[in-house]
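File shown: my_file_2.cif (mmCIF, C-alpha atoms and all ligand atoms).
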```cif
data_data
loop_
_atom_site.group_PDB
_atom_site.id
_atom_site.type_symbol
_atom_site.label_atom_id
_atom_site.label_comp_id
_atom_site.auth_asym_id
_atom_site.auth_seq_id
_atom_site.Cartn_x
_atom_site.Cartn_y
_atom_site.Cartn_z
ATOM 1 C CA MET V 1 110.957 64.704 157.195
ATOM 2 C CA TYR V 2 109.998 68.294 156.480
ATOM 3 C CA ALA V 3 112.898 70.549 155.536
ATOM 4 C CA SER V 4 110.927 73.791 155.682
ATOM 5 C CA GLU V 5 107.604 75.198 156.857
ATOM 6 C CA PRO V 6 105.006 77.134 154.830
ATOM 7 C CA PHE V 7 105.488 80.891 154.919
ATOM 8 C CA SER V 8 104.912 84.017 152.870
ATOM 9 C CA ALA V 9 106.995 87.082 152.172
ATOM 10 C CA ALA V 10 105.852 90.554 151.150
ATOM 11 C CA ILE V 11 107.406 92.813 148.563
ATOM 12 C CA ASP V 12 107.939 96.386 149.689
ATOM 13 C CA ARG V 13 106.070 98.639 147.240
ATOM 14 C CA GLU V 14 108.495 101.488 147.639
ATOM 15 C CA THR V 15 111.760 99.621 147.030
ATOM 16 C CA GLY V 16 110.283 96.786 144.948
ATOM 17 C CA THR V 17 112.295 94.200 146.869
ATOM 18 C CA LEU V 18 111.594 91.668 149.626
ATOM 19 C CA ALA V 19 110.353 93.497 152.706
ATOM 20 C CA SER V 20 111.967 91.041 155.152
ATOM 21 C CA PRO V 21 114.858 89.215 153.511
ATOM 22 C CA ASP V 22 116.906 86.814 155.648
ATOM 23 C CA ASN V 23 120.018 88.118 153.995
ATOM 24 C CA ILE V 24 121.098 90.942 151.689
ATOM 25 C CA TYR V 25 124.383 90.865 149.867
ATOM 26 C CA GLU V 26 125.872 93.729 147.956
ATOM 27 C CA ARG V 27 128.466 93.456 145.192
ATOM 28 C CA PRO V 28 130.608 96.589 144.849
ATOM 29 C CA LEU V 29 132.650 97.296 141.739
ATOM 30 C CA SER V 30 135.863 96.317 143.559
ATOM 31 C CA ALA V 31 134.533 92.735 143.874
ATOM 32 C CA MET V 32 134.243 92.379 140.091
ATOM 33 C CA ALA V 33 136.652 94.974 138.713
ATOM 34 C CA ALA V 34 138.370 92.601 136.277
ATOM 35 C CA MET V 35 135.064 91.717 134.603
ATOM 36 C CA TYR V 36 134.665 95.079 132.881
ATOM 37 C CA GLU V 37 136.374 95.665 129.547
ATOM 38 C CA ASP V 38 137.736 99.150 130.315
ATOM 39 C CA ALA V 39 140.396 98.988 133.053
ATOM 40 C CA GLU V 40 140.899 102.784 132.996
ATOM 41 C CA ALA V 41 137.182 103.410 133.498
ATOM 42 C CA VAL V 42 137.212 100.905 136.389
ATOM 43 C CA LYS V 43 140.107 102.782 137.989
ATOM 44 C CA ALA V 44 138.313 106.119 137.611
ATOM 45 C CA ALA V 45 135.090 104.727 139.105
ATOM 46 C CA LEU V 46 136.987 103.230 142.061
ATOM 47 C CA ALA V 47 138.788 106.518 142.642
ATOM 48 C CA GLY V 48 135.420 108.242 142.992
ATOM 49 C CA GLY V 49 134.221 105.704 145.601
ATOM 50 C CA ASP V 50 133.297 102.067 145.129
ATOM 51 C CA PRO V 51 129.819 101.944 143.611
ATOM 52 C CA ILE V 52 127.440 99.140 144.532
ATOM 53 C CA ILE V 53 126.727 97.403 141.235
ATOM 54 C CA TYR V 54 124.028 95.028 142.490
ATOM 55 C CA LYS V 55 122.279 93.665 145.553
ATOM 56 C CA VAL V 56 120.494 90.398 146.235
ATOM 57 C CA TYR V 57 117.673 90.058 148.777
ATOM 58 C CA GLU V 58 117.485 86.407 149.779
ATOM 59 C CA LYS V 59 115.448 83.972 151.808
ATOM 60 C CA ASN V 60 117.531 81.252 153.475
ATOM 61 C CA MET V 61 116.218 77.999 152.098
ATOM 62 C CA PRO V 62 117.478 74.437 152.544
ATOM 63 C CA GLU V 63 119.976 73.442 149.859
ATOM 64 C CA LEU V 64 117.989 70.367 148.856
ATOM 65 C CA PRO V 65 116.871 69.343 145.350
ATOM 66 C CA GLY V 66 113.171 69.322 146.246
ATOM 67 C CA GLU V 67 113.236 72.811 147.757
ATOM 68 C CA LEU V 68 113.432 76.166 145.948
ATOM 69 C CA GLN V 69 115.836 79.053 146.412
ATOM 70 C CA TRP V 70 114.238 82.430 145.811
ATOM 71 C CA CYS V 71 115.458 85.958 145.941
ATOM 72 C CA MET V 72 115.168 89.383 144.382
ATOM 73 C CA SER V 73 118.095 90.598 142.363
ATOM 74 C CA VAL V 74 118.600 94.359 141.982
ATOM 75 C CA THR V 75 121.129 95.609 139.438
ATOM 76 C CA MET V 76 121.750 99.314 139.753
ATOM 77 C CA PRO V 77 121.716 101.682 136.750
ATOM 78 C CA GLY V 78 125.075 102.925 135.515
ATOM 79 C CA LYS V 79 128.036 102.230 133.265
ATOM 80 C CA ILE V 80 131.752 101.587 133.573
ATOM 81 C CA GLY V 81 133.029 103.330 130.475
ATOM 82 C CA ARG V 82 130.536 102.229 127.817
ATOM 83 C CA GLU V 83 129.645 98.954 129.545
ATOM 84 C CA TYR V 84 126.422 98.751 131.537
ATOM 85 C CA PHE V 85 126.335 97.646 135.173
ATOM 86 C CA MET V 86 125.860 93.874 135.331
ATOM 87 C CA THR V 87 125.928 90.949 137.721
ATOM 88 C CA LYS V 88 128.980 88.683 137.842
ATOM 89 C CA GLY V 89 127.047 85.842 136.258
ATOM 90 C CA HIS V 90 127.478 82.141 136.861
ATOM 91 C CA PHE V 91 126.693 78.580 135.928
ATOM 92 C CA HIS V 92 124.822 76.561 138.491
ATOM 93 C CA GLU V 93 127.140 74.180 140.295
ATOM 94 C CA VAL V 94 124.592 71.424 139.677
ATOM 95 C CA ARG V 95 124.525 71.969 135.919
ATOM 96 C CA ASP V 96 121.132 70.366 135.291
ATOM 97 C CA THR V 97 119.204 73.049 137.150
ATOM 98 C CA ALA V 98 117.222 75.840 135.475
ATOM 99 C CA GLU V 99 115.977 79.183 136.789
ATOM 100 C CA ILE V 100 113.151 81.643 136.204
ATOM 101 C CA TYR V 101 113.633 85.401 136.472
ATOM 102 C CA LEU V 102 110.440 87.480 136.602
ATOM 103 C CA CYS V 103 111.380 91.081 135.911
ATOM 104 C CA THR V 104 109.358 93.475 138.043
ATOM 105 C CA ARG V 105 111.090 96.811 137.419
ATOM 106 C CA GLY V 106 113.589 98.366 135.049
ATOM 107 C CA THR V 107 114.958 97.340 131.671
ATOM 108 C CA GLY V 108 117.899 95.313 130.498
ATOM 109 C CA TYR V 109 118.994 91.933 129.261
ATOM 110 C CA MET V 110 119.619 88.443 130.517
ATOM 111 C CA LEU V 111 122.832 87.424 128.788
ATOM 112 C CA MET V 112 123.302 83.662 128.588
ATOM 113 C CA GLU V 113 125.779 81.183 127.186
ATOM 114 C CA THR V 114 126.575 77.488 127.235
ATOM 115 C CA GLU V 115 129.921 75.847 127.874
ATOM 116 C CA ASP V 116 130.062 74.735 124.227
ATOM 117 C CA GLY V 117 129.703 78.279 122.931
ATOM 118 C CA ARG V 118 126.032 79.046 122.276
ATOM 119 C CA THR V 119 124.983 82.553 123.311
ATOM 120 C CA ASP V 120 121.629 84.271 123.839
ATOM 121 C CA ALA V 121 120.258 87.544 125.208
ATOM 122 C CA GLN V 122 116.654 87.995 126.312
ATOM 123 C CA GLU V 123 115.180 91.429 126.942
ATOM 124 C CA MET V 124 114.075 92.104 130.488
ATOM 125 C CA ARG V 125 111.272 94.512 131.234
ATOM 126 C CA PRO V 126 108.492 94.592 133.840
ATOM 127 C CA ASP V 127 106.101 91.635 133.800
ATOM 128 C CA VAL V 128 108.309 89.555 131.517
ATOM 129 C CA ALA V 129 109.654 86.222 132.764
ATOM 130 C CA VAL V 130 112.908 84.857 131.376
ATOM 131 C CA TYR V 131 113.566 81.130 131.437
ATOM 132 C CA VAL V 132 117.207 80.238 131.957
ATOM 133 C CA PRO V 133 117.537 76.590 130.919
ATOM 134 C CA ALA V 134 119.798 74.135 132.704
ATOM 135 C CA ARG V 135 123.465 74.410 131.622
ATOM 136 C CA TRP V 136 123.241 78.068 130.585
ATOM 137 C CA ALA V 137 125.390 80.635 132.437
ATOM 138 C CA HIS V 138 123.418 83.827 133.104
ATOM 139 C CA ARG V 139 124.099 87.474 133.866
ATOM 140 C CA SER V 140 121.634 90.398 134.278
ATOM 141 C CA ILE V 141 122.564 93.684 132.637
ATOM 142 C CA ASN V 142 120.831 96.980 133.383
ATOM 143 C CA THR V 143 120.569 99.138 130.261
ATOM 144 C CA GLY V 144 118.056 101.577 131.754
ATOM 145 C CA ASP V 145 118.192 104.442 134.202
ATOM 146 C CA GLU V 146 116.422 102.857 137.162
ATOM 147 C CA PRO V 147 117.224 99.675 139.135
ATOM 148 C CA LEU V 148 116.609 96.433 137.217
ATOM 149 C CA ILE V 149 114.731 94.165 139.614
ATOM 150 C CA SER V 150 113.828 90.506 139.172
ATOM 151 C CA PHE V 151 112.311 87.805 141.285
ATOM 152 C CA CYS V 152 114.428 84.651 140.839
ATOM 153 C CA VAL V 153 113.517 81.043 141.602
ATOM 154 C CA TYR V 154 115.751 77.997 141.177
ATOM 155 C CA PRO V 155 116.265 74.522 142.661
ATOM 156 C CA GLY V 156 117.381 74.371 146.249
ATOM 157 C CA ASP V 157 120.624 72.512 145.588
ATOM 158 C CA ALA V 158 121.667 74.414 142.404
ATOM 159 C CA GLY V 159 124.639 76.307 143.887
ATOM 160 C CA HIS V 160 126.702 78.930 142.033
ATOM 161 C CA ASP V 161 129.815 78.313 139.970
ATOM 162 C CA TYR V 162 131.558 81.609 139.126
ATOM 163 C CA GLY V 163 134.817 79.952 138.046
ATOM 164 C CA SER V 164 135.026 80.170 134.247
ATOM 165 C CA ILE V 165 133.045 83.420 134.129
ATOM 166 C CA GLU V 166 135.503 85.038 136.542
ATOM 167 C CA THR V 167 138.501 83.959 134.514
ATOM 168 C CA ALA V 168 137.321 84.090 130.874
ATOM 169 C CA GLY V 169 134.158 86.209 131.102
ATOM 170 C CA PHE V 170 131.124 85.803 128.852
ATOM 171 C CA ARG V 171 131.641 85.551 125.093
ATOM 172 C CA LYS V 172 129.495 88.677 124.613
ATOM 173 C CA ARG V 173 129.276 92.075 126.289
ATOM 174 C CA ILE V 174 126.468 94.620 126.283
ATOM 175 C CA VAL V 175 127.711 98.175 125.828
ATOM 176 C CA GLU V 176 126.277 101.531 124.840
ATOM 177 C CA ILE V 177 127.002 102.506 121.232
ATOM 178 C CA ASP V 178 125.374 105.627 119.751
ATOM 179 C CA GLY V 179 123.170 105.942 122.829
ATOM 180 C CA LYS V 180 121.765 102.396 122.505
ATOM 181 C CA PRO V 181 122.590 98.973 123.913
ATOM 182 C CA ALA V 182 124.659 96.853 121.559
ATOM 183 C CA ILE V 183 125.726 93.217 121.945
ATOM 184 C CA ILE V 184 129.365 92.840 120.953
ATOM 185 C CA ASP V 185 131.987 90.089 121.067
ATOM 186 C CA ASN V 186 134.023 90.068 124.256
ATOM 187 C CA LYS V 187 137.289 89.402 122.468
ATOM 188 C CA PRO V 188 136.859 90.424 118.837
HETATM 189 C C1 LIG J 1 120.483 85.047 140.994
HETATM 190 C C2 LIG J 1 121.865 85.701 141.070
HETATM 191 C C3 LIG J 1 121.864 87.181 141.372
HETATM 192 C C4 LIG J 1 123.289 87.755 141.496
HETATM 193 O O1 LIG J 1 119.898 84.980 142.226
HETATM 194 O O2 LIG J 1 122.633 84.998 142.009
HETATM 195 O O3 LIG J 1 121.210 87.849 140.332
HETATM 196 O O4 LIG J 1 124.102 87.395 140.426
HETATM 197 P P1 LIG J 1 125.460 86.585 140.633
HETATM 198 O O5 LIG J 1 125.114 85.377 141.445
HETATM 199 O O6 LIG J 1 125.888 86.224 139.259
HETATM 200 O O7 LIG J 1 126.418 87.435 141.370
HETATM 201 C C5 LIG J 1 120.691 83.669 140.406
HETATM 202 O O8 LIG J 1 120.863 83.539 139.225
HETATM 203 N N1 LIG J 1 120.755 82.636 141.254
HETATM 204 O O9 LIG J 1 120.979 81.397 140.799
HETATM 205 ZN ZN ZN J 2 121.397 81.414 138.767
#
```
Please go through the file and, once you have read it, give me the structure as structure tokens.
Amino acid sequence: MYASEPFSAAIDRETGTLASPDNIYERPLSAMAAMYEDAEAVKAALAGGDPIIYKVYEKNMPELPGELQWCMSVTMPGKIGREYFMTKGHFHEVRDTAEIYLCTRGTGYMLMETEDGRTDAQEMRPDVAVYVPARWAHRSINTGDEPLISFCVYPGDAGHDYGSIETAGFRKRIVEIDGKPAIIDNKP
């Protein structure tokens, strides 16, 4: 039978995100405090409020392999210490599922890695699409001074697995050194 019906969704020109999302979730710093390298800087940022690091504007789609999940991901500009604001990052629960991110606004990187230790970072800037292959964990990092916005599409049943990223983190970090983004080892 049919799991979903045809529809369209507009993007709001002003905000650059979905005009009528079914759901918006916001990730504040407190929900990912342990992921940043500088615990003192995290503490200072939390003391001054609890900044929203990123938001996701979603459509509710059936979690079926033949369907597509799609959303707009908005990572805010800012840093915790020298480390740029970033998403938590994840593997897909169904490992053999890929994803496409089309960057529409802002600048940054898509940081990726595999379970067996390969790493990669692709630049994100408007009108550039990044292909995240199956089996690669992925995290967006905003190195600019405006929101980094991407349109994301991935298989309906992919799911999100935050487990190993929450405990061990990515092998690389992107931090500001001498006023520029630099990719460094997480645990040198
Ligand atoms: C994206 C991400 C979104 C938020 O839609 O879910 O950018 O990042 P986290 O899920 O890592 O918190 C995606 O990659 N979906 O699969
Ligand atoms: Zn994903």
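For Glu5 of chain V, the set of protein, DNA and RNA residues having any atom at most 12 Å away, when counting only C-alpha atoms and skipping those fewer than 2 positions along the same chain, is Met1, Tyr2, Ala3, Phe7, Ser8, Met61, Pro62 and Glu67 of chain V.
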With distances taken over only C-alpha atoms, which residue among V:Arg171, V:His160, V:Arg118, V:Lys43 lies nearest Ile80 of chain V?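 That would be V:Lys43, the residue with the smallest distance to Ile80 of chain V.
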So that I can see what lies close to Asp157 of chain V, please list as an MDAnalysis selection string the residues with an atom at most 10 Å from it, counting all atoms listed in the file and leaving out residues fewer than 2 positions away in the same chain. chainID V and resid 61:69 92:94 97 154:155 159:160
Could you give me, as a PyMOL selection string, every polymer residue with an atom at most 12 Å away from an atom of ligand ZN 2 (chain J), counting only C-alpha atoms and all ligand atoms? chain V and resi 56+68-73+87-101+110-112+130-140+150-162
What gap, in Å, lies between atom CA of Gly106 of chain V and atom CA of Ala44 of chain V?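 These two atoms are separated by 26.0 Å.
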What's the 12 Å shell around Lys79 of chain V, counting all atoms listed in the file, without same-chain residues fewer than 2 positions away, as a ChimeraX atom specification? /V:29,36-38,41-42,44-45,51-53,75-77,81-86,141-145,174-176,181
Within 8 Å of (111.0, 93.8, 134.5) in the file's own coordinates, which protein, DNA or RNA residues have an atom, counting all atoms listed in the file? List them as a PyMOL selection string. chain V and resi 102-107+124-129+148-150
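The space between atom CA of Thr119 of chain V and atom C1 of ligand LIG 1 (chain J) spans 18.4 Å.
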Select, from V:Arg13, V:Lys172, V:Lys180, V:Lys55, the residue with the minimum atom-to-atom distance to ligand LIG 1 (chain J), counting all atoms listed in the file. V:Lys55
Taking all listed atoms of ligand LIG 1 (chain J), build the axis-aligned box, pad each of the six sides by 5 Å, then write its centre and edge lengths in Å to one decimal as lines of an AutoDock Vina configuration file.
```
center_x = 123.2
center_y = 84.6
center_z = 140.7
size_x = 16.5
size_y = 16.5
size_z = 13.0
```
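Of note, atom O8 of ligand LIG 1 (chain J) and atom CA of Tyr54 of chain V are spaced 12.4 Å apart.
Proximity to ligand LIG 1 (chain J) was assessed for V:Glu14, V:Val74, V:Ala34, V:Ala168 counting all atoms listed in the file; the smallest distance is recorded for V:Val74.
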Ranking V:Pro6, V:Gly48, V:Gly163, V:Gly179 by minimum distance to ligand LIG 1 (chain J) and counting only C-alpha atoms and all ligand atoms, which one comes first?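 Closest residue, counting only C-alpha atoms and all ligand atoms: V:Gly163.
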Which residue out of V:Arg27, V:Lys59, V:Arg173, V:Lys187 has the minimum interatomic distance to ligand LIG 1 (chain J) when all atoms listed in the file are used? V:Arg27
Point out the residue among V:Tyr57, V:Tyr25, V:Ala33, V:Leu46 with the least atom-to-atom distance to Asp12 of chain V, counting all atoms listed in the file.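 Of V:Tyr57, V:Tyr25, V:Ala33, V:Leu46, the one nearest Asp12 of chain V is V:Tyr57, counting all atoms listed in the file.
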